[in-house]
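This report concerns only the one structure given below.
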Amino acid sequence: MTPPDATAAPKTRFLPDHRTIWRWHFYAGLFCIPFILWLAVTGCIYLFKPQIEAYLDRPYDNLVPAGAVRVKPFEEVKAALAAVPNSNLHRYELPRSRSAAAEVIVGRDLDEFRVYVNPVTAKVMKIDNEDKRPMLVLFHLHGELLAGDRGSMLVELAASWAFVMILTGLYLWWPRDGSRFAGVLYPRVNQSSRLVWRDTHAVTGLYVSFFTLFLLTSGLPWAKSWGTYFKAVRALASSVPIRQDWTTGRSSELAARQAMNSNVGTDGGMAGMSGMNHSSSAFAKPPQRVFGRKGRRSGKADPQTYAAIDTILPVALPLNLAYPVEVEPPQGKGQPWTVRSDSQNRMLRDSYSVDGATGAILAKGTFYDRPIVDRITSMGISAHEGHLFGWLNQAIGVFTAVSLILVAVSSVVLWWKRRPAGVLGAPKPKPVRPAITAGLVAIIVCLSIVLPMLGTSIILLLIVERLVLRRIPSVRTWLGLVPEAA
């Protein structure tokens, strides 16, 4: 038998070697773990938004004594507008019950206020700035770290790297010995402490990875960068303007508020994101006047403009829409009022267009009237929030959040137990720096298309590592990098 030629060129690899993938997993986890912990905790609490808000609103639930009569909705609207000077009606939320306070949401500039009005006396009981309500604060903490669009992009970047962390983790988990299940499908508990933590990390990571990939994917439409990218791609393939019932970053939310103020009482106002199936040129027009928080004040409507709500409410109540039900005024002359469900289960978000003068229903829009892409995205968002299929959806969300915390904590424990003194402790590369393989290039190209922020950050990271980090001996040693070839 002829011995192998020791001088022959090494076999070309399509994918990076095992140790390189381990290093990518390590560095992705290093960046993602703080965000994973943050998103898991805040997301777990947000799953129970309806229950928490119902608890906080208990003082306003039983305000109509037996035999008492509620005032007209228009009286409640006028009281709310008077309580917030220079404001406009954004929406009237149908009370939870006959005895509950009316909740009237009014807007001024870029702010929205929720005004609780006594249903018997029409006296204002409480005014909440919407941005300071606990669950909306939590929503912005979860999705943008209370840092607006920049925070949204940072969370999106972490979520993008979480894809790398999970996919490389699944690759590393894949058993090399198919005859055993211990440490693969269940942890070995009667072993050393380090092995128990290793198995806990690997096995928990396996079972939670698929739920996590779903959460990451379904959360992207909210992100400022990816959500805008997604909408632009859809617009290229659509012959009609894109309408969606979710916002893409903080600026999108504020622009929608400003549009409701700046077009009050004008022709061609922008309709709300109600998912209606009637056609209107209003959907194609962006807000004509959007001013900064310190800019000119938006136009203020005459309160009498909203008197038609007394005609709309008797029509809205028998529709039995999923709670919460919102009544929105027209955003332009001659346009109808909108009655719609704002349920977190977006499959229940039916919407009606109602004539303000006669109360006649002009059109109805349902979940199934929307484009297929919107339906899929909306279902993903509802499941992400824990409200697509009841309590089981919330239970899966809690399981995912707790499991992610366990995976993150176990990874820190593993790193702490194996870290060498004086260095970061990343998996050591082979003595010879591996070449960039065709598979790695293909993966980076695909990621750049699907997740632009991730692809861009990978390319920048590779450039900085090769041109800077490898050339600084102390940094190179601490990171465990191979010296740049002469």
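Naming works like this for the structure tokens: A, B, ... for the chains as they're shown, residue 1 at the start of each chain, ligands 1 onward in shown order.
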Subject >> Who sits within 7 Å of A:Trp222, only C-alpha atoms, same chain under 5 positions skipped, as a PyMOL selection string >> reply: chain A and resi 227+246-249
Original post:
Skipping near chain neighbours, those fewer than 2 positions away, what residues fall within 9 Å of stretch 199-216 of chain A using only C-alpha atoms, listed as a PyMOL selection string?
Top reply: chain A and resi 159-160+162-163+166-167+169-170+172-173+182-189+194-197+218-220+380-381+383-384+396-397+399-401+403-404+406-411+414
Can I get the selected residues back with N, CA and C atoms, as a compact mmCIF listing (two decimals), in the first residue's frame?
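Saved the output as again_15.txt:
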# COMPACT_ATOMS: atom_id res chain seq x y z
N ALA A 159 -30.73 40.15 18.36
CA ALA A 159 -31.59 39.06 17.91
C ALA A 159 -30.99 38.36 16.69
N SER A 160 -30.37 39.15 15.80
CA SER A 160 -29.75 38.55 14.61
C SER A 160 -28.59 37.64 15.00
N ALA A 162 -28.37 36.18 17.79
CA ALA A 162 -28.95 35.03 18.48
C ALA A 162 -29.23 33.89 17.50
N PHE A 163 -29.56 34.23 16.24
CA PHE A 163 -29.71 33.18 15.23
C PHE A 163 -28.40 32.41 15.09
N ILE A 166 -27.83 30.16 18.18
CA ILE A 166 -28.68 28.96 18.24
C ILE A 166 -28.28 27.95 17.17
N LEU A 167 -28.05 28.41 15.94
CA LEU A 167 -27.72 27.47 14.86
C LEU A 167 -26.37 26.81 15.08
N GLY A 169 -25.08 26.42 18.02
CA GLY A 169 -25.29 25.55 19.17
C GLY A 169 -25.89 24.22 18.78
N LEU A 170 -26.85 24.24 17.86
CA LEU A 170 -27.45 22.98 17.38
C LEU A 170 -26.41 22.13 16.66
N LEU A 172 -23.18 22.11 17.28
CA LEU A 172 -22.30 21.54 18.31
C LEU A 172 -23.00 20.46 19.11
N TRP A 173 -24.31 20.58 19.28
CA TRP A 173 -25.08 19.58 20.03
C TRP A 173 -25.17 18.26 19.27
N ALA A 182 -27.78 9.99 26.62
CA ALA A 182 -27.41 10.75 27.80
C ALA A 182 -26.56 11.96 27.39
N GLY A 183 -26.90 13.11 27.90
CA GLY A 183 -26.19 14.33 27.54
C GLY A 183 -26.64 14.91 26.22
N VAL A 184 -27.54 14.20 25.53
CA VAL A 184 -28.05 14.67 24.24
C VAL A 184 -29.54 14.99 24.34
N LEU A 185 -30.31 14.00 24.84
CA LEU A 185 -31.74 14.19 25.01
C LEU A 185 -32.13 14.39 26.47
N TYR A 186 -31.25 14.02 27.38
CA TYR A 186 -31.49 14.27 28.80
C TYR A 186 -30.15 14.44 29.50
N PRO A 187 -30.11 15.25 30.56
CA PRO A 187 -28.82 15.51 31.23
C PRO A 187 -28.39 14.35 32.12
N ARG A 188 -27.08 14.19 32.24
CA ARG A 188 -26.52 13.18 33.16
C ARG A 188 -26.32 13.85 34.52
N VAL A 189 -27.14 13.44 35.47
CA VAL A 189 -27.16 14.13 36.76
C VAL A 189 -26.18 13.54 37.77
N ARG A 194 -19.28 20.10 36.48
CA ARG A 194 -19.09 20.71 35.17
C ARG A 194 -19.89 19.97 34.09
N LEU A 195 -19.92 18.64 34.17
CA LEU A 195 -20.65 17.85 33.17
C LEU A 195 -22.15 18.05 33.31
N VAL A 196 -22.64 18.20 34.55
CA VAL A 196 -24.06 18.45 34.76
C VAL A 196 -24.45 19.79 34.14
N TRP A 197 -23.62 20.81 34.36
CA TRP A 197 -23.91 22.12 33.78
C TRP A 197 -23.83 22.07 32.26
N SER A 218 -40.57 36.03 14.58
CA SER A 218 -41.84 36.75 14.68
C SER A 218 -41.67 38.14 15.28
N GLY A 219 -40.56 38.39 15.96
CA GLY A 219 -40.32 39.71 16.52
C GLY A 219 -39.68 40.69 15.57
N LEU A 220 -39.09 40.19 14.49
CA LEU A 220 -38.39 41.07 13.56
C LEU A 220 -39.26 42.13 12.89
N GLY A 380 -47.91 35.33 13.68
CA GLY A 380 -46.64 35.20 14.38
C GLY A 380 -46.52 36.20 15.52
N ILE A 381 -46.96 37.44 15.29
CA ILE A 381 -46.92 38.47 16.33
C ILE A 381 -47.83 38.09 17.49
N ALA A 383 -48.76 35.10 18.42
CA ALA A 383 -48.14 34.01 19.17
C ALA A 383 -46.95 34.51 19.98
N HIS A 384 -46.20 35.44 19.41
CA HIS A 384 -45.06 36.05 20.10
C HIS A 384 -45.52 36.72 21.40
N ILE A 396 -46.37 28.34 27.03
CA ILE A 396 -45.20 28.08 26.18
C ILE A 396 -44.24 29.26 26.24
N GLY A 397 -44.80 30.47 26.28
CA GLY A 397 -43.95 31.66 26.40
C GLY A 397 -43.16 31.66 27.70
N PHE A 399 -42.37 29.01 29.51
CA PHE A 399 -41.38 27.93 29.40
C PHE A 399 -40.16 28.40 28.61
N THR A 400 -40.41 29.08 27.50
CA THR A 400 -39.30 29.55 26.67
C THR A 400 -38.45 30.56 27.42
N ALA A 401 -39.10 31.50 28.10
CA ALA A 401 -38.35 32.54 28.83
C ALA A 401 -37.50 31.92 29.94
N SER A 403 -36.47 28.83 30.23
CA SER A 403 -35.42 27.97 29.65
C SER A 403 -34.27 28.81 29.11
N LEU A 404 -34.58 29.94 28.50
CA LEU A 404 -33.51 30.81 27.99
C LEU A 404 -32.66 31.36 29.13
N LEU A 406 -32.13 29.82 31.93
CA LEU A 406 -31.32 28.68 32.37
C LEU A 406 -30.15 28.43 31.42
N VAL A 407 -30.40 28.52 30.13
CA VAL A 407 -29.32 28.33 29.14
C VAL A 407 -28.27 29.43 29.30
N ALA A 408 -28.70 30.67 29.49
CA ALA A 408 -27.75 31.77 29.64
C ALA A 408 -26.93 31.61 30.91
N VAL A 409 -27.59 31.29 32.02
CA VAL A 409 -26.87 31.14 33.29
C VAL A 409 -25.90 29.97 33.22
N SER A 410 -26.33 28.85 32.64
CA SER A 410 -25.45 27.68 32.56
C SER A 410 -24.24 27.96 31.67
N SER A 411 -24.42 28.78 30.63
CA SER A 411 -23.28 29.10 29.77
C SER A 411 -22.25 29.93 30.53
N LEU A 414 -20.41 27.55 32.90
CA LEU A 414 -19.45 26.74 32.15
C LEU A 414 -18.20 27.55 31.81
Quick one: contact table of stretch 288-396 of chain A to stretch 74-89 of chain A, 7 Å max, nearest atom pair and distance in Å to one decimal per residue, counting only C-alpha atoms, chain and number order, as CSV?
residue,atom,partner,partner_atom,distance
A:Lys300,CA,A:Asn86,CA,5.9
A:Ala301,CA,A:Asn88,CA,6.2
A:Pro303,CA,A:Lys78,CA,6.5
A:Tyr306,CA,A:Phe74,CA,7.0
A:Ala307,CA,A:Phe74,CA,5.6
A:Ile309,CA,A:Phe74,CA,6.1
A:Asp310,CA,A:Phe74,CA,6.0
How about saving the chosen residues, N, CA and C atoms kept, as a CSV table (one decimal), in the first residue's frame?
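Saved file result21.csv follows:
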chain,number,residue,atom,x,y,z
A,300,LYS,N,-56.2,71.6,15.9
A,300,LYS,CA,-57.2,71.1,16.9
A,300,LYS,C,-58.6,71.1,16.3
A,301,ALA,N,-59.3,70.0,16.5
A,301,ALA,CA,-60.6,69.9,15.9
A,301,ALA,C,-61.6,70.6,16.9
A,303,PRO,N,-64.7,70.3,19.1
A,303,PRO,CA,-65.2,69.1,19.8
A,303,PRO,C,-66.6,68.6,19.2
A,306,TYR,N,-67.0,65.6,17.0
A,306,TYR,CA,-67.2,64.2,17.5
A,306,TYR,C,-68.5,63.8,18.0
A,307,ALA,N,-69.5,64.7,17.8
A,307,ALA,CA,-70.9,64.5,18.3
A,307,ALA,C,-71.5,63.2,17.7
A,309,ILE,N,-70.4,60.4,17.7
A,309,ILE,CA,-70.1,59.2,18.4
A,309,ILE,C,-71.4,58.6,19.1
A,310,ASP,N,-72.3,59.5,19.4
A,310,ASP,CA,-73.6,59.1,20.0
A,310,ASP,C,-74.4,58.2,19.1
**OP:** Would you mind telling me which residue in A:Asp350, A:Thr311, A:Val106, A:Ile449 lies nearest to A:Val233 when using only C-alpha atoms?
**Re:** A:Ile449
Original post:
Could you write out, as an MDAnalysis selection string, all the residues of stretch 314-350 of chain A that DSSP marks as helix (DSSP H, G or I)?
Top reply: chainID A and resid 314:319 346:348
Take the residues just selected and output them with C-alpha atoms as a PDB file, in the first residue's frame.
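Below is the file again_2.pdb, written as the result:
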ATOM      1  CA  PRO A 314     -75.331  51.953  19.589  1.00  0.00           C
ATOM      2  CA  VAL A 315     -74.082  50.409  16.354  1.00  0.00           C
ATOM      3  CA  ALA A 316     -70.756  49.267  17.842  1.00  0.00           C
ATOM      4  CA  LEU A 317     -72.074  47.509  20.948  1.00  0.00           C
ATOM      5  CA  PRO A 318     -74.091  44.734  19.189  1.00  0.00           C
ATOM      6  CA  LEU A 319     -71.153  43.827  16.931  1.00  0.00           C
ATOM      7  CA  ARG A 346     -54.930  39.504  15.605  1.00  0.00           C
ATOM      8  CA  MET A 347     -57.085  36.815  13.999  1.00  0.00           C
ATOM      9  CA  LEU A 348     -60.011  38.397  15.898  1.00  0.00           C
TER      10      LEU A 348
END
Original post:
How far is it from atom CA of A:Arg340 to atom CA of A:Tyr323, in Å with one decimal?
Top reply: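 Computing it gives 9.4 Å between the two atoms.
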**OP:** Please identify which residues in stretch 289-479 of chain A DSSP calls strand (DSSP E) from the backbone, and express them as a list in words.
**Re:** Val325, Glu326, Val327, Glu328, Trp337, Thr338, Val339, Arg340, Ser341, Ser351, Tyr352, Ser353, Val354, Ile361, Leu362, Ala363, Lys364 and Gly365 of chain A
**OP:** Measuring atom to atom with only C-alpha atoms, identify which of A:Ser251, A:Ile36, A:Trp226, A:Arg96 is nearest to A:Val450.
**Re:**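 The shortest atom-to-atom distance to A:Val450 comes from A:Trp226.
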Original post:
Counting only C-alpha atoms, what is within 7 Å of A:Gln344, bar same-chain residues fewer than 2 positions away, as a ChimeraX atom specification?
Top reply: /A:342,346,382,387
